[in-house]
>>> print(open('input.csv').read())   # CSV, C-alpha atoms and all ligand atoms
chain,number,residue,atom,x,y,z
A,68,MET,CA,-28.0,-33.5,-5.4
A,69,THR,CA,-28.1,-36.0,-2.5
A,70,ILE,CA,-27.6,-34.9,1.1
A,71,THR,CA,-24.2,-36.7,1.0
A,72,ASP,CA,-23.0,-34.6,-2.0
A,73,ASP,CA,-24.2,-31.5,-0.2
A,74,VAL,CA,-22.3,-32.0,3.0
A,75,ARG,CA,-19.1,-32.9,1.1
A,76,ARG,CA,-19.1,-29.6,-0.7
A,77,ARG,CA,-17.4,-26.7,1.1
A,78,PRO,CA,-19.7,-23.7,1.1
A,79,ARG,CA,-18.2,-20.7,-0.7
A,80,SER,CA,-19.2,-17.1,-1.2
A,81,GLU,CA,-19.0,-15.5,-4.6
A,82,PRO,CA,-15.3,-15.3,-5.4
A,83,ILE,CA,-13.2,-12.1,-5.2
A,84,PRO,CA,-10.9,-11.6,-8.2
A,85,SER,CA,-7.3,-12.2,-7.3
A,86,GLU,CA,-4.7,-9.6,-8.2
A,87,GLY,CA,-3.4,-10.4,-11.6
A,88,ALA,CA,-6.5,-12.4,-12.6
A,89,ASP,CA,-7.0,-11.8,-16.3
A,90,GLY,CA,-3.9,-9.6,-16.2
A,91,LEU,CA,-5.7,-7.0,-14.1
A,92,PHE,CA,-4.9,-5.4,-10.7
A,93,THR,CA,-7.0,-3.1,-8.5
A,94,GLN,CA,-6.7,0.5,-9.3
A,95,THR,CA,-5.0,2.0,-6.3
A,96,TRP,CA,-1.8,3.5,-5.0
A,97,PHE,CA,0.9,0.9,-4.6
A,98,PRO,CA,4.2,1.6,-2.8
A,99,VAL,CA,7.2,1.3,-5.0
A,100,CYS,CA,10.2,2.0,-2.7
A,101,LEU,CA,11.1,4.1,0.3
A,102,GLY,CA,11.7,7.8,-0.5
A,103,ASP,CA,15.1,7.4,1.1
A,104,ALA,CA,16.1,4.9,-1.6
A,105,LEU,CA,16.3,7.8,-4.0
A,106,PRO,CA,19.1,10.2,-2.9
A,107,GLU,CA,18.5,14.0,-2.6
A,108,GLY,CA,20.7,14.8,-5.6
A,109,GLY,CA,19.0,12.3,-7.9
A,110,GLY,CA,18.9,8.5,-8.2
A,111,ILE,CA,17.2,5.5,-9.9
A,112,VAL,CA,16.0,2.3,-8.3
A,113,GLY,CA,14.3,-0.7,-9.8
A,114,ALA,CA,11.3,-2.5,-8.2
A,115,GLU,CA,8.8,-5.1,-9.0
A,116,LEU,CA,5.2,-3.9,-9.5
A,117,LEU,CA,2.1,-5.6,-10.8
A,118,GLY,CA,4.0,-8.7,-12.0
A,119,GLY,CA,6.5,-6.6,-14.0
A,120,ARG,CA,9.3,-4.2,-13.4
A,121,VAL,CA,9.4,-0.4,-12.9
A,122,VAL,CA,12.0,2.2,-12.0
A,123,ALA,CA,11.5,5.1,-9.5
A,124,VAL,CA,13.5,8.1,-10.4
A,125,ARG,CA,14.4,11.3,-8.5
A,126,SER,CA,15.8,13.9,-10.9
A,127,PRO,CA,18.6,16.3,-9.8
A,128,SER,CA,15.9,19.0,-9.5
A,129,GLY,CA,13.9,16.8,-7.1
A,130,ARG,CA,11.1,15.6,-9.4
A,131,VAL,CA,10.0,12.0,-8.7
A,132,SER,CA,8.6,9.7,-11.5
A,133,VAL,CA,7.8,6.0,-11.8
A,134,PHE,CA,8.2,4.4,-15.2
A,135,SER,CA,8.1,1.0,-16.8
A,136,ALA,CA,11.7,-0.2,-16.4
A,137,TYR,CA,12.5,-1.6,-19.8
A,138,CYS,CA,14.0,0.7,-22.5
A,139,VAL,CA,11.8,0.6,-25.6
A,140,HIS,CA,14.8,0.0,-27.8
A,141,LEU,CA,15.9,-3.5,-26.8
A,142,GLY,CA,14.6,-3.7,-23.3
A,143,ALA,CA,17.6,-2.9,-21.1
A,144,ASP,CA,16.6,-2.3,-17.5
A,145,LEU,CA,16.8,1.4,-16.9
A,146,SER,CA,17.7,0.8,-13.2
A,147,VAL,CA,21.2,0.1,-14.4
A,148,GLY,CA,21.2,3.3,-16.5
A,149,ARG,CA,22.1,6.7,-15.0
A,150,LEU,CA,20.9,10.2,-14.8
A,151,ASP,CA,22.0,12.7,-17.4
A,152,GLY,CA,20.7,16.0,-16.1
A,153,GLU,CA,16.9,15.8,-15.9
A,154,ALA,CA,16.9,12.7,-18.1
A,155,VAL,CA,17.4,8.9,-17.6
A,156,ARG,CA,20.1,7.5,-19.9
A,157,CYS,CA,19.9,3.8,-20.9
A,158,ALA,CA,23.1,1.9,-20.2
A,159,PHE,CA,23.0,-0.1,-23.4
A,160,HIS,CA,22.9,2.4,-26.3
A,161,GLY,CA,22.4,5.7,-24.5
A,162,TRP,CA,18.7,6.5,-25.4
A,163,ARG,CA,17.6,9.3,-23.1
A,164,TYR,CA,14.2,9.7,-21.5
A,165,ASP,CA,12.7,12.9,-19.9
A,166,MET,CA,10.9,12.8,-16.6
A,167,ASP,CA,7.6,12.3,-18.5
A,168,GLY,CA,9.0,9.1,-20.0
A,169,ARG,CA,9.4,10.6,-23.5
A,170,CYS,CA,12.5,9.6,-25.5
A,171,LEU,CA,14.6,12.7,-26.1
A,172,SER,CA,17.4,11.2,-28.1
A,173,ALA,CA,18.2,7.9,-29.6
A,174,ASN,CA,21.9,7.9,-29.9
A,175,GLY,CA,21.9,10.3,-32.9
A,176,THR,CA,19.2,8.7,-34.9
A,177,PRO,CA,15.7,10.3,-35.3
A,178,VAL,CA,13.4,9.6,-32.4
A,179,ASP,CA,10.3,7.6,-33.2
A,180,PRO,CA,7.3,9.4,-31.7
A,181,ARG,CA,6.1,6.1,-30.1
A,182,ALA,CA,9.4,5.9,-28.1
A,183,ARG,CA,8.1,6.5,-24.6
A,184,LEU,CA,8.0,4.6,-21.3
A,185,PHE,CA,4.8,4.1,-19.4
A,186,ARG,CA,4.7,6.8,-16.7
A,187,PHE,CA,2.6,6.0,-13.7
A,188,PRO,CA,0.9,8.8,-11.7
A,189,ALA,CA,3.4,9.0,-8.8
A,190,VAL,CA,3.7,10.8,-5.4
A,191,GLU,CA,6.2,10.7,-2.6
A,192,THR,CA,4.4,11.0,0.7
A,193,HIS,CA,4.6,9.3,4.1
A,194,GLY,CA,8.3,8.5,3.3
A,195,VAL,CA,7.3,6.2,0.4
A,196,VAL,CA,7.2,6.6,-3.4
A,197,TRP,CA,3.8,5.4,-4.6
A,198,ALA,CA,2.5,4.7,-8.1
A,199,PHE,CA,-1.2,4.6,-9.1
A,200,ASN,CA,-2.3,1.7,-11.3
A,201,GLY,CA,-4.2,3.7,-13.9
A,202,SER,CA,-3.8,6.7,-16.2
A,203,SER,CA,-4.9,9.1,-13.6
A,204,PRO,CA,-5.5,8.6,-9.8
A,205,LEU,CA,-9.0,7.8,-8.6
A,206,PHE,CA,-8.4,9.1,-5.1
A,207,ALA,CA,-5.7,10.8,-3.0
A,208,LEU,CA,-3.7,9.2,-0.2
A,209,PRO,CA,-4.9,10.1,3.3
A,210,GLN,CA,-3.0,12.7,5.2
A,211,PRO,CA,-2.9,13.3,9.0
A,212,ASP,CA,-5.0,15.9,10.7
A,213,PRO,CA,-2.9,16.7,13.8
A,214,PRO,CA,-4.4,18.3,16.9
A,215,ASP,CA,-2.1,21.3,16.5
A,216,PRO,CA,-1.9,22.2,12.8
A,217,ALA,CA,0.9,24.7,13.5
A,218,ALA,CA,3.2,22.2,15.3
A,219,PRO,CA,5.4,19.6,13.6
A,220,VAL,CA,4.6,16.0,13.1
A,221,VAL,CA,7.4,13.6,13.9
A,222,THR,CA,7.3,10.4,11.8
A,223,ARG,CA,9.0,7.0,11.4
A,224,THR,CA,9.0,4.9,8.3
A,225,ALA,CA,9.9,1.2,7.9
A,226,ALA,CA,9.7,-1.4,5.2
A,227,PHE,CA,8.8,-4.9,6.3
A,228,GLY,CA,11.5,-7.3,5.1
A,229,GLN,CA,9.3,-10.3,4.7
A,230,GLU,CA,6.8,-10.8,1.8
A,231,LEU,CA,3.5,-12.5,2.5
A,232,ALA,CA,2.2,-15.0,0.0
A,233,VAL,CA,-1.3,-13.4,-0.2
A,234,ASP,CA,-2.7,-10.4,-2.1
A,235,PRO,CA,-2.7,-7.1,-0.2
A,236,TRP,CA,-6.6,-7.1,0.0
A,237,VAL,CA,-6.4,-10.3,2.1
A,238,VAL,CA,-4.3,-8.5,4.6
A,239,ALA,CA,-6.5,-5.4,4.4
A,240,ALA,CA,-9.6,-7.5,5.0
A,241,GLN,CA,-8.6,-8.0,8.6
A,242,THR,CA,-9.5,-4.4,9.3
A,243,LEU,CA,-13.1,-5.2,8.5
A,244,ASP,CA,-12.8,-8.6,10.2
A,245,LEU,CA,-14.2,-7.4,13.5
A,246,GLN,CA,-14.5,-11.0,14.9
A,247,HIS,CA,-10.7,-11.5,14.8
A,248,PHE,CA,-10.1,-8.7,17.3
A,249,ALA,CA,-11.3,-11.0,20.0
A,250,LEU,CA,-9.0,-13.8,18.9
A,251,PRO,CA,-6.1,-13.6,18.1
A,252,HIS,CA,-5.9,-10.0,19.4
A,253,GLU,CA,-7.9,-10.3,22.6
A,254,GLY,CA,-9.3,-6.8,22.4
A,255,THR,CA,-12.5,-5.8,24.1
A,256,PHE,CA,-14.7,-3.3,22.3
A,257,VAL,CA,-15.9,-0.2,24.2
A,258,GLU,CA,-18.1,0.7,21.3
A,259,ASP,CA,-19.5,-1.6,18.7
A,260,PRO,CA,-17.5,-0.7,15.5
A,261,ASN,CA,-20.4,-2.0,13.4
A,262,ASP,CA,-22.4,1.1,14.4
A,263,SER,CA,-20.0,3.5,12.6
A,264,VAL,CA,-19.0,1.7,9.4
A,265,THR,CA,-18.9,4.2,6.6
A,266,TRP,CA,-18.3,3.5,2.9
A,267,ASP,CA,-17.5,5.5,-0.2
A,268,GLU,CA,-16.4,4.4,-3.7
A,269,PHE,CA,-12.7,4.1,-2.8
A,270,SER,CA,-12.6,3.6,1.0
A,271,VAL,CA,-14.3,2.1,4.0
A,272,GLY,CA,-13.8,3.0,7.6
A,273,TYR,CA,-15.2,2.9,11.1
A,274,ARG,CA,-14.6,4.1,14.7
A,275,TYR,CA,-12.6,1.6,16.7
A,276,HIS,CA,-12.5,1.9,20.5
A,277,ALA,CA,-11.1,-1.0,22.4
A,278,LEU,CA,-9.2,-2.0,25.5
A,279,MET,CA,-6.3,-4.2,24.7
A,280,PRO,CA,-4.9,-7.1,26.8
A,281,GLY,CA,-1.8,-5.0,27.6
A,282,GLY,CA,-4.1,-2.5,29.2
A,283,GLU,CA,-3.8,0.1,26.3
A,284,GLU,CA,-6.8,2.2,25.4
A,285,TYR,CA,-6.9,2.1,21.6
A,286,ARG,CA,-9.2,4.6,20.0
A,287,VAL,CA,-8.9,5.4,16.3
A,288,TRP,CA,-10.7,6.0,13.0
A,289,ALA,CA,-9.5,3.0,11.0
A,290,SER,CA,-10.0,2.8,7.3
A,291,ILE,CA,-9.0,1.0,4.1
A,292,HIS,CA,-8.3,3.1,1.0
A,293,GLY,CA,-8.3,1.4,-2.3
A,294,SER,CA,-7.7,-2.4,-1.8
A,295,ASN,CA,-4.4,-2.1,0.0
A,296,ILE,CA,-3.9,0.9,2.2
A,297,PHE,CA,-4.6,0.7,5.9
A,298,TRP,CA,-5.0,4.1,7.6
A,299,GLN,CA,-5.7,5.0,11.2
A,300,GLN,CA,-5.7,8.1,13.2
A,301,GLY,CA,-6.6,8.6,16.9
A,302,THR,CA,-5.1,8.0,20.3
A,303,LEU,CA,-3.2,5.3,22.0
A,304,ASP,CA,-3.5,5.8,25.8
A,305,GLY,CA,-4.8,9.2,25.1
A,306,ARG,CA,-2.0,10.5,22.9
A,307,TRP,CA,-2.5,11.4,19.3
A,308,PHE,CA,-0.9,9.4,16.5
A,309,TYR,CA,-1.5,8.4,12.9
A,310,TRP,CA,-0.4,5.3,11.0
A,311,ILE,CA,-0.4,4.2,7.4
A,312,THR,CA,0.4,0.7,6.0
A,313,GLY,CA,0.9,0.7,2.3
A,314,MET,CA,0.9,-2.8,0.8
A,315,ALA,CA,2.8,-3.2,-2.4
A,316,ALA,CA,1.8,-5.9,-5.0
A,317,PRO,CA,5.1,-6.8,-6.6
A,318,ARG,CA,3.3,-9.7,-8.3
A,319,ALA,CA,0.1,-11.7,-7.9
A,320,ARG,CA,-0.3,-13.3,-4.4
A,321,THR,CA,2.3,-11.2,-2.8
A,322,THR,CA,2.3,-8.4,-0.3
A,323,ALA,CA,5.2,-6.3,0.7
A,324,SER,CA,4.4,-3.7,3.4
A,325,TYR,CA,5.6,-0.2,4.2
A,326,PHE,CA,4.7,1.5,7.4
A,327,THR,CA,4.7,5.2,8.4
A,328,TRP,CA,3.5,6.5,11.7
A,329,GLY,CA,3.7,9.9,13.5
A,330,THR,CA,2.8,12.0,16.5
A,331,GLN,CA,3.3,15.6,17.6
A,332,PRO,CA,5.7,16.7,20.4
A,333,LEU,CA,3.7,17.9,23.4
A,334,PRO,CA,4.5,21.4,24.9
A,335,GLY,CA,7.1,21.2,27.6
A,336,GLU,CA,8.0,17.5,27.2
A,337,PRO,CA,11.7,16.5,26.7
A,338,PRO,CA,12.7,16.1,23.1
A,339,GLU,CA,13.0,12.3,23.2
A,340,ALA,CA,9.5,11.8,24.5
A,341,ALA,CA,7.8,11.9,21.1
A,342,GLY,CA,10.3,9.3,19.9
A,343,GLU,CA,9.6,7.1,22.9
A,344,PHE,CA,5.9,7.3,22.2
A,345,LEU,CA,6.5,6.4,18.5
A,346,ALA,CA,8.5,3.3,19.7
A,347,LYS,CA,5.4,2.4,21.8
A,348,VAL,CA,3.1,2.7,18.8
A,349,GLN,CA,5.4,0.6,16.7
A,350,ALA,CA,5.6,-2.1,19.4
A,351,PHE,CA,1.8,-2.1,19.7
A,352,MET,CA,1.2,-2.4,16.0
A,353,PHE,CA,4.0,-4.9,15.3
A,354,ASN,CA,2.6,-7.0,18.1
A,355,LEU,CA,-0.8,-7.1,16.3
A,356,LEU,CA,1.0,-8.1,13.2
A,357,ALA,CA,3.0,-10.8,15.0
A,358,GLU,CA,-0.3,-12.2,16.3
A,359,ASP,CA,-1.7,-12.4,12.8
A,360,ALA,CA,1.5,-13.7,11.1
A,361,PRO,CA,0.9,-17.4,11.7
A,362,VAL,CA,-2.5,-17.2,10.0
A,363,LEU,CA,-1.5,-14.8,7.2
A,364,MET,CA,1.6,-16.9,6.3
A,365,THR,CA,-0.4,-20.1,5.9
A,366,ILE,CA,-4.0,-19.1,5.0
A,367,HIS,CA,-5.7,-20.3,1.8
A,368,TYR,CA,-8.1,-17.3,1.9
A,369,THR,CA,-11.5,-18.4,0.6
A,370,PRO,CA,-14.6,-16.6,1.8
A,371,GLY,CA,-16.9,-19.5,2.8
A,372,LEU,CA,-19.6,-19.6,5.4
A,373,LEU,CA,-20.1,-16.1,6.8
A,374,THR,CA,-22.2,-15.3,9.8
A,375,LYS,CA,-24.1,-12.3,11.1
A,376,SER,CA,-21.0,-11.1,12.9
A,377,ASP,CA,-19.1,-11.0,9.6
A,378,ALA,CA,-21.5,-8.4,8.3
A,379,ALA,CA,-18.8,-5.7,7.9
A,380,LEU,CA,-16.4,-8.2,6.3
A,381,ALA,CA,-19.1,-9.4,3.9
A,382,ASP,CA,-19.6,-5.7,2.9
A,383,PHE,CA,-15.9,-5.3,2.3
A,384,PHE,CA,-15.9,-8.4,0.0
A,385,ALA,CA,-18.8,-6.8,-2.0
A,386,TYR,CA,-16.7,-3.6,-2.2
A,387,LEU,CA,-13.7,-5.6,-3.5
A,388,ARG,CA,-15.9,-7.4,-6.1
A,389,ARG,CA,-17.0,-4.1,-7.6
A,390,TYR,CA,-13.6,-2.4,-7.1
A,391,PRO,CA,-12.2,-1.1,-10.5
A,392,ARG,CA,-9.4,-3.1,-12.0
A,393,ALA,CA,-7.0,-2.3,-14.9
A,394,ASN,CA,-3.5,-2.7,-16.0
A,395,PRO,CA,-2.7,0.1,-18.5
A,396,ALA,CA,1.0,-0.6,-18.2
A,397,ARG,CA,0.8,-4.3,-19.0
A,398,HIS,CA,2.6,-4.2,-22.4
A,399,PHE,CA,5.5,-2.2,-20.9
A,400,LEU,CA,6.2,-4.0,-17.7
A,401,ARG,CA,7.6,-7.3,-18.9
B,1,LIG,S1,18.3,-0.9,-25.0
B,1,LIG,FE1,18.2,1.1,-24.3
B,1,LIG,S2,19.2,2.2,-25.7
B,1,LIG,FE2,19.3,0.2,-26.5
B,2,FE,FE,-5.2,-8.5,12.8
>>> encode(input="input.csv", output="structure tokens")
Amino acid sequence: MTITDDVRRRPRSEPIPSEGADGLFTQTWFPVCLGDALPEGGGIVGAELLGGRVVAVRSPSGRVSVFSAYCVHLGADLSVGRLDGEAVRCAFHGWRYDMDGRCLSANGTPVDPRARLFRFPAVETHGVVWAFNGSSPLFALPQPDPPDPAAPVVTRTAAFGQELAVDPWVVAAQTLDLQHFALPHEGTFVEDPNDSVTWDEFSVGYRYHALMPGGEEYRVWASIHGSNIFWQQGTLDGRWFYWITGMAAPRARTTASYFTWGTQPLPGEPPEAAGEFLAKVQAFMFNLLAEDAPVLMTIHYTPGLLTKSDAALADFFAYLRRYPRANPARHFLR
């Protein structure tokens, strides 16, 4: 190789598999829909997931399941079916499926034992219905640990209307991208977060303590769970809050975000005070998102030349490269 060839080649790190590469996706909890999308007495909604289609179902008794959307008879979309007691009834020929996805009846003909939908491990928490990409979950979603365990936690939930044309892990990677807090976010670290970075198989986190340009003191434990779940818990200007961003992967190279955040009412304060604080947390976090948006909406994310100050980010890339990937529902979802 000549020197000229060498300088003309953009340096690249070892690639990180994209979502959907070889048909596989990271094995994590993906948001499917808001819990409110499924009415109390029962309901069915369709959603895109992992490049295919699923339905989230709340049965009349309150059980929530997430299934592959297409009826195993001729492929009608079950989101246009209806509930028939604790079963989902296909709109086309009336095949009925129980809340485990097993076909209960095939319009009067004997039921083939193979007649079943793919059922994802599913939970409803933080105001969102989540499905795990796997036959059983590899980790649990984080839950808040409020200062007063006996007092209520007041929460807000929002779905972000706009999809980003990058995989969720690209958005999640900002959390470990400690350089970018100086620009675009203009934060000043009080402690070096690199000193507290902690890893396990399915999460990575660190202590974050910074003074922000608006004068806020931002002090949290921030972590990424799986490839796509941002979690933080701590204080903003001394008051406790938690925040979770669940990033859905409706298809490859797409992120759709769901946010839930909460705090506790303080003794003696007026009832609206907790809501006002939650509005402040939302404005603070959405401002960080707005600062990132021009980059995230245009980036061609390609880890290239990394420097010493990218150490935590480089470790996150290594975590992503070894992160388990699968797609057990692949034959059901399209
Ligand atoms: S396509 Fe569902 S019952 Fe025929
Ligand atoms: Fe950011």
>>> residues_near_ligand(input="input.csv", ligand="ligand FE 2 (chain B)", cutoff="10 Å", atoms="all atoms listed in the file", output="ChimeraX atom specification")
/A:238-252,352,354-360,362-363
>>> residues_near_ligand(input="input.csv", ligand="ligand LIG 1 (chain B)", cutoff="12 Å", atoms="all atoms listed in the file", output="ChimeraX atom specification")
/A:136-149,155-164,170-176,178,182-184
>>> closest_residue(input="input.csv", among="A:Gln210, A:Gln331, A:Asn394, A:Thr255", to="Thr222 of chain A", atoms="only C-alpha atoms")
A:Gln331
>>> atom_distance(input="input.csv", atom1="atom CA of His292 of chain A", atom2="atom CA of Val271 of chain A")
6.8 Å
>>> closest_residue(input="input.csv", among="A:Gln349, A:Ser85, A:Asn200, A:Thr330", to="Ala315 of chain A", atoms="only C-alpha atoms")
A:Asn200
>>> closest_residue(input="input.csv", among="A:Gly201, A:Pro361, A:Gly301, A:Gly313", to="Thr327 of chain A", atoms="all atoms listed in the file")
A:Gly313
>>> residues_around(input="input.csv", residues="Ile296 of chain A", least_positions_apart="5", cutoff="12 Å", atoms="only C-alpha atoms", output="ChimeraX atom specification")
/A:93-98,197,206-209,235-242,269-272,289-291,310-316,322-327
